[in-house]
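Below is one structure, written out as structure tokens; comments come after it.
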Amino acid sequence: MILATLMIVMGITMAIGVPIAWTLGISGVVTIIMMGIPLSTLPAKVFGGMNCFPLLCVPLFILAGEIMAYGGFTHRLLRFATIIVGFIRGGLALANVIASMLFGGITGAAVADASALGSVEIPMMEKSGYDASFSAAITAASACIGPIIPPSIPVVIYAMAVSGTSVGGLFAAGMIPGILVGLALMVASYIISVKRKYPKREEKISLKDFLLAIRDAFLAIMTPVIILGGIIGGVCTPTEAASIAVVYTFVISYFVFGELKLRDLPKMFLASGVGSALVMIIIGTSTVFGMVVALEQVAMKLEALLRPLGYFGFLLAINIIFLFVGTFMDNNPAILILAPVFAPIAVALGIEPIHFGIVVVMNLVIGLITPPLGLVLFVVGPIAKVSFEQVTKEVFPFLLVEIGVLLMVTYIPFVSLWIPRLLGYVQ
């Protein structure tokens, strides 16, 4: 009865358009009242969910992304990518993917990637002769690489939700899957570009321009190198690495590139604060929701249902469940609600926790380009001035490509575990 009430209240509040943070809180409070638990326990529960040191890296990664967008990193990364692959048919589409891989290696957020890069990439592609809907679709699809390639905000939240999972190990596990998604999108983009006869760069690049682009890109690319090197090398925590990233991007943007203006700082701080607050509110209210789920022993009931499926059957069920959930729920609340429930079952079936974490994150990230939610599609559509339906139609081939890579990562654990094993995160 309690569990049914929890699901019904959650479904009704979501259906009438209540934000997911309040949906989790309302459904949790209603069921807690039914269970006779004092409401005085809720403030401590909510605060306890947010009072987690690794979460400090979330606002810092968001701020680093804002500094990059204002400080000239974006068009430098795109120019570097264009010089590298622009001579190929559909070169701008390929450059779009490469830029997303580089930019996502700093912000770890798909929406930030789509917004910052899309405002530059989409008009450039349209001006060069690409269809507006295709430009928006490849921008949306490539933005999904951001939360897979480290650093990644969803990965940090997963590590917080499933205690005992290493952030550094998850970051290492995301490297190869993220690169594979990028390569697969580039192949798909090339095939479509050849079929539609999209342009390639005709003019030759001088040695001076080539060296200048490499210099500027090198300074930008050093950001993820510093972040990952510090975390994986054990020199600093994810929070400390995020702080270093903020300082580094500010110094390069203000003193080297000279494009960051001090008057832009309040806007960047505000954007980072708002984005961080949204994440923290969801984390706090999901703690209340999770308390009810734990008291109702949902994990034990699901284990009895799913364990007979075995190793591969369980992974298939996870792919189906999380891909479906990703179509109507953002990845962060989905991780907070579902990951603590399914992770113990995965461990009991012999699935490596780091591997399972990457599978979960990849499933939910793909949901960012899957209707009806398709959050990233709503970001790129207005930039390209095309309808949601048009972007959805164009993004479908890229969606299939990403699901193909997901299945490879799911059923070949070596893909995600090779680097963590080399670094000692997995025995």
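In the structure tokens, the first chain shown is A, the next is B, and so on; residue numbers restart at 1 for each chain, and ligands run from 1 in the order shown.
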Which residues are close to Gly258 (chain A), i.e. within 8 Å by only C-alpha atoms, leaving aside same-chain residues fewer than 5 positions away? Reply as a PDB file with N, CA and C atoms, in the first residue's frame.
ATOM      1  N   GLY A  71      35.260  32.735 -22.024  1.00  0.00           N
ATOM      2  CA  GLY A  71      36.678  33.069 -22.142  1.00  0.00           C
ATOM      3  C   GLY A  71      37.358  32.691 -23.437  1.00  0.00           C
ATOM      4  N   ILE A 252      43.892  31.396 -17.944  1.00  0.00           N
ATOM      5  CA  ILE A 252      44.075  31.318 -19.396  1.00  0.00           C
ATOM      6  C   ILE A 252      43.116  32.264 -20.115  1.00  0.00           C
ATOM      7  N   SER A 253      41.839  32.276 -19.686  1.00  0.00           N
ATOM      8  CA  SER A 253      40.833  33.120 -20.352  1.00  0.00           C
ATOM      9  C   SER A 253      41.119  34.608 -20.178  1.00  0.00           C
TER      10      SER A 253
END
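If you count only C-alpha atoms and ignore residues fewer than 5 places along the chain from Leu56 (chain A), what sits within 12 Å of it is Met50, Asn51, Phe61, Ile62, Leu63, Ile153, Val156, Ile157, Met160, Thr237, Pro238, Thr239, Glu240, Ala241, Ala242, Ser243, Ser272, Gly273, Ser276, Ala277, Val279 and Met280 of chain A.
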If you keep N, CA and C atoms, can you produce a file of those selected residues as a PDB file, in the first residue's frame?
ATOM      1  N   MET A  50      22.525  16.268   1.164  1.00  0.00           N
ATOM      2  CA  MET A  50      23.330  17.270   0.460  1.00  0.00           C
ATOM      3  C   MET A  50      24.697  17.481   1.091  1.00  0.00           C
ATOM      4  N   ASN A  51      24.851  17.074   2.336  1.00  0.00           N
ATOM      5  CA  ASN A  51      26.079  17.318   3.080  1.00  0.00           C
ATOM      6  C   ASN A  51      27.121  16.258   2.746  1.00  0.00           C
ATOM      7  N   PHE A  61      32.776  22.497 -11.362  1.00  0.00           N
ATOM      8  CA  PHE A  61      32.822  22.062 -12.762  1.00  0.00           C
ATOM      9  C   PHE A  61      31.893  22.918 -13.623  1.00  0.00           C
ATOM     10  N   ILE A  62      30.726  23.263 -13.071  1.00  0.00           N
ATOM     11  CA  ILE A  62      29.797  24.119 -13.811  1.00  0.00           C
ATOM     12  C   ILE A  62      30.424  25.485 -14.050  1.00  0.00           C
ATOM     13  N   LEU A  63      31.081  26.031 -13.024  1.00  0.00           N
ATOM     14  CA  LEU A  63      31.728  27.335 -13.156  1.00  0.00           C
ATOM     15  C   LEU A  63      32.867  27.277 -14.174  1.00  0.00           C
ATOM     16  N   ILE A 153      29.593  15.021 -14.109  1.00  0.00           N
ATOM     17  CA  ILE A 153      28.749  15.305 -12.940  1.00  0.00           C
ATOM     18  C   ILE A 153      27.853  14.115 -12.595  1.00  0.00           C
ATOM     19  N   VAL A 156      29.819  11.618 -10.585  1.00  0.00           N
ATOM     20  CA  VAL A 156      30.025  12.041  -9.194  1.00  0.00           C
ATOM     21  C   VAL A 156      28.773  11.747  -8.364  1.00  0.00           C
ATOM     22  N   ILE A 157      27.606  12.023  -8.939  1.00  0.00           N
ATOM     23  CA  ILE A 157      26.347  11.779  -8.226  1.00  0.00           C
ATOM     24  C   ILE A 157      26.138  10.278  -8.025  1.00  0.00           C
ATOM     25  N   MET A 160      28.197   9.124  -5.188  1.00  0.00           N
ATOM     26  CA  MET A 160      27.619   9.549  -3.921  1.00  0.00           C
ATOM     27  C   MET A 160      26.416   8.669  -3.569  1.00  0.00           C
ATOM     28  N   THR A 237      41.755  15.331  -4.759  1.00  0.00           N
ATOM     29  CA  THR A 237      40.390  14.803  -4.803  1.00  0.00           C
ATOM     30  C   THR A 237      39.648  15.433  -5.984  1.00  0.00           C
ATOM     31  N   PRO A 238      38.483  14.883  -6.374  1.00  0.00           N
ATOM     32  CA  PRO A 238      37.702  15.516  -7.444  1.00  0.00           C
ATOM     33  C   PRO A 238      37.356  16.975  -7.154  1.00  0.00           C
ATOM     34  N   THR A 239      37.066  17.285  -5.896  1.00  0.00           N
ATOM     35  CA  THR A 239      36.743  18.666  -5.539  1.00  0.00           C
ATOM     36  C   THR A 239      37.945  19.579  -5.706  1.00  0.00           C
ATOM     37  N   GLU A 240      39.102  19.121  -5.267  1.00  0.00           N
ATOM     38  CA  GLU A 240      40.320  19.922  -5.428  1.00  0.00           C
ATOM     39  C   GLU A 240      40.681  20.079  -6.902  1.00  0.00           C
ATOM     40  N   ALA A 241      40.481  19.012  -7.684  1.00  0.00           N
ATOM     41  CA  ALA A 241      40.755  19.090  -9.120  1.00  0.00           C
ATOM     42  C   ALA A 241      39.816  20.079  -9.800  1.00  0.00           C
ATOM     43  N   ALA A 242      38.561  20.111  -9.378  1.00  0.00           N
ATOM     44  CA  ALA A 242      37.603  21.066  -9.939  1.00  0.00           C
ATOM     45  C   ALA A 242      38.010  22.498  -9.591  1.00  0.00           C
ATOM     46  N   SER A 243      38.522  22.702  -8.382  1.00  0.00           N
ATOM     47  CA  SER A 243      38.989  24.038  -7.980  1.00  0.00           C
ATOM     48  C   SER A 243      40.172  24.472  -8.849  1.00  0.00           C
ATOM     49  N   SER A 272      26.195  29.384 -12.325  1.00  0.00           N
ATOM     50  CA  SER A 272      26.739  28.235 -11.594  1.00  0.00           C
ATOM     51  C   SER A 272      25.931  27.966 -10.332  1.00  0.00           C
ATOM     52  N   GLY A 273      25.536  29.034  -9.636  1.00  0.00           N
ATOM     53  CA  GLY A 273      24.751  28.885  -8.416  1.00  0.00           C
ATOM     54  C   GLY A 273      23.383  28.283  -8.683  1.00  0.00           C
ATOM     55  N   SER A 276      23.791  24.580  -9.699  1.00  0.00           N
ATOM     56  CA  SER A 276      24.157  23.768  -8.532  1.00  0.00           C
ATOM     57  C   SER A 276      22.969  23.603  -7.588  1.00  0.00           C
ATOM     58  N   ALA A 277      22.194  24.668  -7.418  1.00  0.00           N
ATOM     59  CA  ALA A 277      21.035  24.607  -6.518  1.00  0.00           C
ATOM     60  C   ALA A 277      20.014  23.588  -7.009  1.00  0.00           C
ATOM     61  N   VAL A 279      20.607  20.883  -8.715  1.00  0.00           N
ATOM     62  CA  VAL A 279      21.133  19.544  -8.423  1.00  0.00           C
ATOM     63  C   VAL A 279      20.984  19.231  -6.941  1.00  0.00           C
ATOM     64  N   MET A 280      21.318  20.194  -6.077  1.00  0.00           N
ATOM     65  CA  MET A 280      21.286  19.959  -4.632  1.00  0.00           C
ATOM     66  C   MET A 280      19.861  19.741  -4.124  1.00  0.00           C
TER      67      MET A 280
END
Can you check which parts of region 278-351 of chain A lie within 8 Å of region 363-385 of chain A? Per residue, the shortest pair of atoms and distance in Å to one decimal, counting only C-alpha atoms, sorted by chain and number, as a Markdown table.
| residue | atom | partner | partner_atom | distance |
| --- | --- | --- | --- | --- |
| A:Asn319 | CA | A:Asn363 | CA | 6.5 |
| A:Phe322 | CA | A:Asn363 | CA | 5.7 |
| A:Leu323 | CA | A:Asn363 | CA | 5.3 |
| A:Phe324 | CA | A:Gly367 | CA | 7.9 |
| A:Val325 | CA | A:Leu364 | CA | 7.5 |
| A:Gly326 | CA | A:Gly367 | CA | 4.1 |
| A:Thr327 | CA | A:Gly367 | CA | 5.0 |
| A:Phe328 | CA | A:Leu373 | CA | 5.0 |
| A:Met329 | CA | A:Leu373 | CA | 6.9 |
| A:Asp330 | CA | A:Leu368 | CA | 7.3 |
| A:Asn331 | CA | A:Leu364 | CA | 5.2 |
| A:Ala334 | CA | A:Leu364 | CA | 7.7 |
Got time to write the residues from that selection, N, CA and C atoms, as a PDB file, in the first residue's frame?
ATOM      1  N   ASN A 319      19.329  -2.284 -19.053  1.00  0.00           N
ATOM      2  CA  ASN A 319      19.311  -1.428 -20.240  1.00  0.00           C
ATOM      3  C   ASN A 319      17.889  -0.993 -20.589  1.00  0.00           C
ATOM      4  N   PHE A 322      16.498   1.463 -17.649  1.00  0.00           N
ATOM      5  CA  PHE A 322      17.107   2.791 -17.586  1.00  0.00           C
ATOM      6  C   PHE A 322      16.920   3.577 -18.876  1.00  0.00           C
ATOM      7  N   LEU A 323      16.916   2.906 -20.024  1.00  0.00           N
ATOM      8  CA  LEU A 323      16.612   3.629 -21.267  1.00  0.00           C
ATOM      9  C   LEU A 323      15.188   4.173 -21.229  1.00  0.00           C
ATOM     10  N   PHE A 324      14.258   3.368 -20.689  1.00  0.00           N
ATOM     11  CA  PHE A 324      12.864   3.823 -20.574  1.00  0.00           C
ATOM     12  C   PHE A 324      12.749   4.982 -19.591  1.00  0.00           C
ATOM     13  N   VAL A 325      13.387   4.841 -18.434  1.00  0.00           N
ATOM     14  CA  VAL A 325      13.323   5.918 -17.431  1.00  0.00           C
ATOM     15  C   VAL A 325      13.925   7.206 -17.988  1.00  0.00           C
ATOM     16  N   GLY A 326      14.999   7.082 -18.766  1.00  0.00           N
ATOM     17  CA  GLY A 326      15.644   8.255 -19.335  1.00  0.00           C
ATOM     18  C   GLY A 326      14.794   9.015 -20.320  1.00  0.00           C
ATOM     19  N   THR A 327      13.730   8.385 -20.847  1.00  0.00           N
ATOM     20  CA  THR A 327      12.864   9.089 -21.794  1.00  0.00           C
ATOM     21  C   THR A 327      11.980  10.131 -21.127  1.00  0.00           C
ATOM     22  N   PHE A 328      11.778  10.017 -19.806  1.00  0.00           N
ATOM     23  CA  PHE A 328      10.891  10.985 -19.141  1.00  0.00           C
ATOM     24  C   PHE A 328      11.479  11.574 -17.860  1.00  0.00           C
ATOM     25  N   MET A 329      12.693  11.180 -17.491  1.00  0.00           N
ATOM     26  CA  MET A 329      13.292  11.706 -16.259  1.00  0.00           C
ATOM     27  C   MET A 329      14.738  12.095 -16.507  1.00  0.00           C
ATOM     28  N   ASP A 330      15.164  13.205 -15.932  1.00  0.00           N
ATOM     29  CA  ASP A 330      16.547  13.644 -16.055  1.00  0.00           C
ATOM     30  C   ASP A 330      17.479  12.625 -15.394  1.00  0.00           C
ATOM     31  N   ASN A 331      18.740  12.607 -15.837  1.00  0.00           N
ATOM     32  CA  ASN A 331      19.647  11.548 -15.367  1.00  0.00           C
ATOM     33  C   ASN A 331      19.983  11.644 -13.889  1.00  0.00           C
ATOM     34  N   ALA A 334      17.191  10.248 -11.630  1.00  0.00           N
ATOM     35  CA  ALA A 334      17.063   8.814 -11.927  1.00  0.00           C
ATOM     36  C   ALA A 334      18.181   8.020 -11.265  1.00  0.00           C
TER      37      ALA A 334
END
Alpha helix (DSSP H) positions in region 9-47 of chain A, given as a PyMOL selection string
chain A and resi 9-15+20-35+42-47
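Using only C-alpha atoms, the nearest neighbour of Phe257 (chain A) within the list A:Asp216, A:Glu296, A:Glu389, A:Glu202 is A:Asp216.
Close contacts of Met408 (chain A), defined as residues with an atom at most 12 Å away when counting only C-alpha atoms, with chain neighbours fewer than 5 positions off set aside, comprise A:Ile176, A:Pro177, A:Leu180, A:Val181, A:Ala184, A:Leu315, A:Leu316, A:Asn319, A:Val359, A:Met362, A:Val401, A:Glu402, A:Ile403, A:Pro413, A:Phe414, A:Val415, A:Ser416.
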Considering only C-alpha atoms, state which residue in the set A:Val9, A:Ala217, A:Ile83, A:Ala136 is at the smallest distance from Thr392 (chain A).
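Selected residue with least distance to Thr392 (chain A): A:Ala136.
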Would you list the contacts of Val187 (chain A) as a ChimeraX atom specification, taking every protein, DNA or RNA residue within 9 Å and counting only C-alpha atoms, but skipping same-chain residues closer than 5 positions in sequence?
/A:94,182,192
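Distances from A:Met125, A:Val288, A:Leu407, A:Leu278 to Gly49 (chain A) were compared using only C-alpha atoms, and the smallest one belongs to A:Val288.
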Find, counting only C-alpha atoms, the residue in A:Ile67, A:Asp264, A:Leu309, A:Ile145 that gets nearest to Val405 (chain A).
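Between A:Ile67, A:Asp264, A:Leu309, A:Ile145, the residue approaching Val405 (chain A) most closely is A:Ile145.
For the pair CA of Gly275 (chain A) and CA of Met14 (chain A), the separation is 20.7 Å.
The residue that comes closest to Ile358 (chain A), out of A:Gly48, A:Gly28, A:Gly290, A:Pro154 and on the basis of only C-alpha atoms, is A:Pro154.
Taking CA of Tyr190 (chain A) and CA of Leu77 (chain A) as endpoints, the distance between them is 20.0 Å.
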Which of these residues is nearest to Ser119 (chain A), using only C-alpha atoms: A:Val293, A:Ser142, A:Ile318, A:Ala69?
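Closest residue, counting only C-alpha atoms: A:Ala69.
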